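Student: I'd like to ask you about the structure that follows.
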Amino acid sequence: MSADENLEARIEAAIKNPRNLGEMENADAVGTVGSPDCGDMLRMWIKFKEENGRRIIDRASFQSFGCQTAIAVASVATELLAGKTIEEARTMSGEELAAPLGALPPVRIHCAQLVEGALRSALSADQTVVPSGASANTTAPTLFDQLSANTKAKVKIVMATDKHG
Ligand code: FES
């Protein structure tokens, strides 16, 4: 098998059985990023825990409106992230996050960078602090909600007009 075929096989395997797919209840942090290259979007949720006096990533999950490579990278990356400290996770590049799949061709690097971007966004969002006990979901609409936000705004305007009219 060539390196390319290996990569395709690993991506296919990751997509068939994606790990940590879906919104996380009670996440401590959430980050969303869109790719300027292709318009794909990815959101990542993170839950932290304390271990030996250090704050580490307990688990991470993701949701994607993205290509197969981004989904495969997010799947392996969320597995890699468990047990990492915030500092360790913050320094991980897209290539490192995608490492279990093998080296990505240049045309797909931005797919891994989408995952890196969502991770960074989540880790910086963590500094703005989600009150403990509160679900991050209350401040983190799903991708679908976000994408349909414009529609909702229009609906609100119509309702307000009706009220005052
Ligand atoms: Fe855009 Fe993969 S093609 S994230």
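Letters A, B, ... mark the chains of the structure tokens in the order given; residue numbers begin at 1 per chain; ligand numbers begin at 1, in order shown.
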Enumerate residues in contact with ligand 1: an atom-to-atom distance of at most 12 Å, counting only C-alpha atoms and all ligand atoms. Format the result as a PyMOL selection string.

Tutor: chain A and resi 11+33-42+64-74+94+104-118

Student: Neighbours of A:Arg43 within 6 Å (only C-alpha atoms; same-chain residues fewer than 5 positions away dropped), as a PyMOL selection string?

Tutor: chain A and resi 31-32+62-63+118

Student: Mind writing the picked residues with all heavy atoms as a PDB file, in the first residue's frame?

Tutor:
ATOM      1  N   GLY A  31     -15.223  25.972  21.301  1.00  0.00           N
ATOM      2  CA  GLY A  31     -14.612  26.851  20.302  1.00  0.00           C
ATOM      3  C   GLY A  31     -15.119  26.485  18.923  1.00  0.00           C
ATOM      4  O   GLY A  31     -15.307  25.306  18.620  1.00  0.00           O
ATOM      5  N   THR A  32     -15.356  27.496  18.117  1.00  0.00           N
ATOM      6  CA  THR A  32     -15.852  27.257  16.762  1.00  0.00           C
ATOM      7  C   THR A  32     -14.962  27.998  15.791  1.00  0.00           C
ATOM      8  O   THR A  32     -14.526  29.111  16.076  1.00  0.00           O
ATOM      9  CB  THR A  32     -17.287  27.799  16.610  1.00  0.00           C
ATOM     10  OG1 THR A  32     -18.082  27.265  17.657  1.00  0.00           O
ATOM     11  CG2 THR A  32     -17.885  27.405  15.270  1.00  0.00           C
ATOM     12  N   PHE A  62     -16.458  16.915  19.188  1.00  0.00           N
ATOM     13  CA  PHE A  62     -16.547  17.861  18.074  1.00  0.00           C
ATOM     14  C   PHE A  62     -17.811  17.635  17.257  1.00  0.00           C
ATOM     15  O   PHE A  62     -18.452  16.578  17.323  1.00  0.00           O
ATOM     16  CB  PHE A  62     -15.318  17.730  17.166  1.00  0.00           C
ATOM     17  CG  PHE A  62     -15.348  16.475  16.306  1.00  0.00           C
ATOM     18  CD1 PHE A  62     -15.786  16.523  14.992  1.00  0.00           C
ATOM     19  CD2 PHE A  62     -14.967  15.249  16.835  1.00  0.00           C
ATOM     20  CE1 PHE A  62     -15.828  15.374  14.207  1.00  0.00           C
ATOM     21  CE2 PHE A  62     -15.017  14.097  16.050  1.00  0.00           C
ATOM     22  CZ  PHE A  62     -15.444  14.155  14.737  1.00  0.00           C
ATOM     23  N   GLN A  63     -18.122  18.661  16.510  1.00  0.00           N
ATOM     24  CA  GLN A  63     -19.216  18.606  15.556  1.00  0.00           C
ATOM     25  C   GLN A  63     -18.682  19.318  14.317  1.00  0.00           C
ATOM     26  O   GLN A  63     -17.972  20.303  14.440  1.00  0.00           O
ATOM     27  CB  GLN A  63     -20.389  19.393  16.142  1.00  0.00           C
ATOM     28  CG  GLN A  63     -21.728  19.044  15.567  1.00  0.00           C
ATOM     29  CD  GLN A  63     -22.833  19.850  16.246  1.00  0.00           C
ATOM     30  OE1 GLN A  63     -22.607  20.955  16.733  1.00  0.00           O
ATOM     31  NE2 GLN A  63     -24.014  19.306  16.262  1.00  0.00           N
ATOM     32  N   ALA A 118     -10.225  25.316  16.068  1.00  0.00           N
ATOM     33  CA  ALA A 118     -11.337  25.105  17.008  1.00  0.00           C
ATOM     34  C   ALA A 118     -10.801  24.831  18.407  1.00  0.00           C
ATOM     35  O   ALA A 118     -11.344  25.309  19.401  1.00  0.00           O
ATOM     36  CB  ALA A 118     -12.215  23.950  16.519  1.00  0.00           C
TER      37      ALA A 118
END

Student: Would you please give, as a VMD selection string, all residues of stretch 3-88 of chain A that DSSP assigns to helix (DSSP H, G or I) based on the backbone?

Tutor: chain A and resid 3 to 16 68 to 81 86 to 88

Student: Applying 9 Å and only C-alpha atoms, which residues near A:Leu123 remain after dropping the ones on its own chain fewer than 3 positions away? List them as a JSON list (two decimals) with all heavy atoms, in the first residue's frame.

Tutor:
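Just written: around05.json:
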[["chain", "number", "residue", "atom", "x", "y", "z"],
["A", 29, "ALA", "N", -15.53, 24.36, 28.00],
["A", 29, "ALA", "CA", -15.10, 25.31, 26.98],
["A", 29, "ALA", "C", -15.60, 24.84, 25.62],
["A", 29, "ALA", "O", -15.77, 23.64, 25.38],
["A", 29, "ALA", "CB", -13.58, 25.40, 26.96],
["A", 30, "VAL", "N", -15.84, 25.80, 24.77],
["A", 30, "VAL", "CA", -16.26, 25.47, 23.41],
["A", 30, "VAL", "C", -15.63, 26.46, 22.45],
["A", 30, "VAL", "O", -15.47, 27.63, 22.77],
["A", 30, "VAL", "CB", -17.81, 25.47, 23.31],
["A", 30, "VAL", "CG1", -18.41, 26.80, 23.69],
["A", 30, "VAL", "CG2", -18.26, 25.08, 21.91],
["A", 31, "GLY", "N", -15.22, 25.97, 21.30],
["A", 31, "GLY", "CA", -14.61, 26.85, 20.30],
["A", 31, "GLY", "C", -15.12, 26.49, 18.92],
["A", 31, "GLY", "O", -15.31, 25.31, 18.62],
["A", 46, "ILE", "N", -14.72, 21.01, 25.21],
["A", 46, "ILE", "CA", -13.70, 20.43, 26.08],
["A", 46, "ILE", "C", -14.18, 20.41, 27.52],
["A", 46, "ILE", "O", -14.82, 21.36, 27.99],
["A", 46, "ILE", "CB", -12.38, 21.24, 25.99],
["A", 46, "ILE", "CG1", -11.82, 21.15, 24.57],
["A", 46, "ILE", "CG2", -11.35, 20.72, 26.99],
["A", 46, "ILE", "CD1", -10.53, 21.88, 24.36],
["A", 86, "ILE", "N", -3.50, 22.15, 29.47],
["A", 86, "ILE", "CA", -3.91, 23.23, 28.56],
["A", 86, "ILE", "C", -2.71, 23.72, 27.76],
["A", 86, "ILE", "O", -2.80, 23.95, 26.56],
["A", 86, "ILE", "CB", -4.55, 24.38, 29.35],
["A", 86, "ILE", "CG1", -5.83, 23.85, 30.01],
["A", 86, "ILE", "CG2", -4.86, 25.57, 28.46],
["A", 86, "ILE", "CD1", -6.53, 24.83, 30.91],
["A", 89, "ALA", "N", -1.83, 21.25, 25.04],
["A", 89, "ALA", "CA", -2.82, 21.26, 23.97],
["A", 89, "ALA", "C", -2.70, 22.52, 23.11],
["A", 89, "ALA", "O", -2.85, 22.48, 21.90],
["A", 89, "ALA", "CB", -4.23, 21.17, 24.57],
["A", 90, "ARG", "N", -2.38, 23.62, 23.79],
["A", 90, "ARG", "CA", -2.31, 24.90, 23.09],
["A", 90, "ARG", "C", -1.17, 24.94, 22.07],
["A", 90, "ARG", "O", -1.22, 25.67, 21.11],
["A", 90, "ARG", "CB", -2.11, 26.01, 24.14],
["A", 90, "ARG", "CG", -2.59, 27.34, 23.68],
["A", 90, "ARG", "CD", -2.54, 28.34, 24.80],
["A", 90, "ARG", "NE", -3.85, 28.51, 25.41],
["A", 90, "ARG", "CZ", -4.04, 28.81, 26.68],
["A", 90, "ARG", "NH1", -3.03, 28.96, 27.49],
["A", 90, "ARG", "NH2", -5.25, 28.95, 27.15],
["A", 118, "ALA", "N", -10.23, 25.32, 16.07],
["A", 118, "ALA", "CA", -11.34, 25.11, 17.01],
["A", 118, "ALA", "C", -10.80, 24.83, 18.41],
["A", 118, "ALA", "O", -11.34, 25.31, 19.40],
["A", 118, "ALA", "CB", -12.22, 23.95, 16.52],
["A", 119, "LEU", "N", -9.71, 24.08, 18.47],
["A", 119, "LEU", "CA", -9.09, 23.78, 19.76],
["A", 119, "LEU", "C", -8.58, 25.06, 20.42],
["A", 119, "LEU", "O", -8.85, 25.34, 21.59],
["A", 119, "LEU", "CB", -7.92, 22.81, 19.54],
["A", 119, "LEU", "CG", -7.02, 22.55, 20.74],
["A", 119, "LEU", "CD1", -7.79, 21.88, 21.87],
["A", 119, "LEU", "CD2", -5.82, 21.69, 20.34],
["A", 120, "ARG", "N", -7.87, 25.87, 19.64],
["A", 120, "ARG", "CA", -7.34, 27.14, 20.20],
["A", 120, "ARG", "C", -8.48, 28.04, 20.65],
["A", 120, "ARG", "O", -8.40, 28.69, 21.69],
["A", 120, "ARG", "CB", -6.53, 27.88, 19.13],
["A", 120, "ARG", "CG", -5.34, 27.10, 18.66],
["A", 120, "ARG", "CD", -4.05, 27.72, 19.17],
["A", 120, "ARG", "NE", -3.01, 26.73, 19.07],
["A", 120, "ARG", "CZ", -2.02, 26.77, 18.20],
["A", 120, "ARG", "NH1", -1.90, 27.79, 17.41],
["A", 120, "ARG", "NH2", -1.12, 25.82, 18.16],
["A", 126, "ASP", "N", -12.00, 29.36, 27.23],
["A", 126, "ASP", "CA", -12.01, 28.88, 28.61],
["A", 126, "ASP", "C", -11.62, 29.99, 29.58],
["A", 126, "ASP", "O", -12.05, 30.02, 30.71],
["A", 126, "ASP", "CB", -11.03, 27.71, 28.75],
["A", 126, "ASP", "CG", -10.95, 27.21, 30.19],
["A", 126, "ASP", "OD1", -12.01, 26.92, 30.74],
["A", 126, "ASP", "OD2", -9.85, 27.12, 30.72],
["A", 127, "GLN", "N", -10.81, 30.93, 29.10],
["A", 127, "GLN", "CA", -10.38, 32.00, 29.99],
["A", 127, "GLN", "C", -11.52, 32.96, 30.30],
["A", 127, "GLN", "O", -11.46, 33.70, 31.26],
["A", 127, "GLN", "CB", -9.22, 32.76, 29.36],
["A", 127, "GLN", "CG", -7.99, 31.89, 29.38],
["A", 127, "GLN", "CD", -6.92, 32.40, 28.44],
["A", 127, "GLN", "OE1", -7.15, 33.37, 27.73],
["A", 127, "GLN", "NE2", -5.79, 31.76, 28.43]]

Student: Quick check, in Å to one decimal: how far apart do atom CA of A:Ser93 and atom CA of A:Asp4 lie?

Tutor: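 Distance between the two atoms: 21.1 Å.
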
Student: Neighbours of A:Asn20 within 9 Å (only C-alpha atoms; same-chain residues fewer than 4 positions away dropped), as a list in words?

Tutor: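 Listed by chain and then number, they are Met24, Arg59, Ala60, Ser61, Phe62, Gln63, Ala74, Ser75, Thr78 and Glu79 of chain A.
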
Student: Could those residues be written to a file, using C-alpha atoms, as a CSV table (one decimal), in the first residue's frame?

Tutor:
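And here's part.csv as it stands now:
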chain,number,residue,atom,x,y,z
A,24,MET,CA,-20.9,17.7,24.9
A,59,ARG,CA,-12.3,14.7,27.1
A,60,ALA,CA,-13.0,16.6,23.9
A,61,SER,CA,-15.8,16.3,21.4
A,62,PHE,CA,-16.5,17.9,18.1
A,63,GLN,CA,-19.2,18.6,15.6
A,74,ALA,CA,-11.0,15.8,14.7
A,75,SER,CA,-11.8,12.3,15.6
A,78,THR,CA,-10.0,14.5,20.4
A,79,GLU,CA,-8.5,11.1,21.4

Student: For A:Pro100, list every protein, DNA or RNA residue within 9 Å, evaluated using only C-alpha atoms, and leave out those in the same chain fewer than 5 positions away; present the list as a PDB file with N, CA and C atoms, in the first residue's frame.

Tutor:
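Final output, saved to selection-v9.pdb:
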ATOM      1  N   ARG A  10      -6.935   5.195   6.508  1.00  0.00           N
ATOM      2  CA  ARG A  10      -7.089   5.649   7.898  1.00  0.00           C
ATOM      3  C   ARG A  10      -8.199   6.684   8.014  1.00  0.00           C
ATOM      4  N   VAL A  73      -9.567  14.042  11.197  1.00  0.00           N
ATOM      5  CA  VAL A  73      -8.562  14.669  12.065  1.00  0.00           C
ATOM      6  C   VAL A  73      -9.173  14.978  13.429  1.00  0.00           C
ATOM      7  N   VAL A  76      -9.388  11.760  15.559  1.00  0.00           N
ATOM      8  CA  VAL A  76      -8.133  11.305  16.191  1.00  0.00           C
ATOM      9  C   VAL A  76      -7.602  12.358  17.166  1.00  0.00           C
ATOM     10  N   ALA A  77      -7.839  13.635  16.860  1.00  0.00           N
ATOM     11  CA  ALA A  77      -7.319  14.703  17.722  1.00  0.00           C
ATOM     12  C   ALA A  77      -8.010  14.683  19.082  1.00  0.00           C
ATOM     13  N   LEU A  80      -6.355  12.180  21.107  1.00  0.00           N
ATOM     14  CA  LEU A  80      -5.011  12.605  21.529  1.00  0.00           C
ATOM     15  C   LEU A  80      -5.064  13.597  22.681  1.00  0.00           C
TER      16      LEU A  80
END

Student: Please indicate the distance in Å from atom CA of A:Trp45 to atom CA of A:Asn26, rounded to one decimal place.

Tutor: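 Answer for the atom CA of A:Trp45 to atom CA of A:Asn26 separation: 9.2 Å.
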
Student: With distances taken over only C-alpha atoms, which of A:Ile56, A:Ile15, A:Leu81, A:Leu21 is nearest to A:Leu97?

Tutor: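 Answer, going by the shortest atom-to-atom distance: A:Leu81.
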
Student: Quote the spacing between atom CA of A:Asp58 and atom CA of A:Gly83 in Å to one decimal place.

Tutor: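 About the pair atom CA of A:Asp58 and atom CA of A:Gly83: they are 6.0 Å apart.
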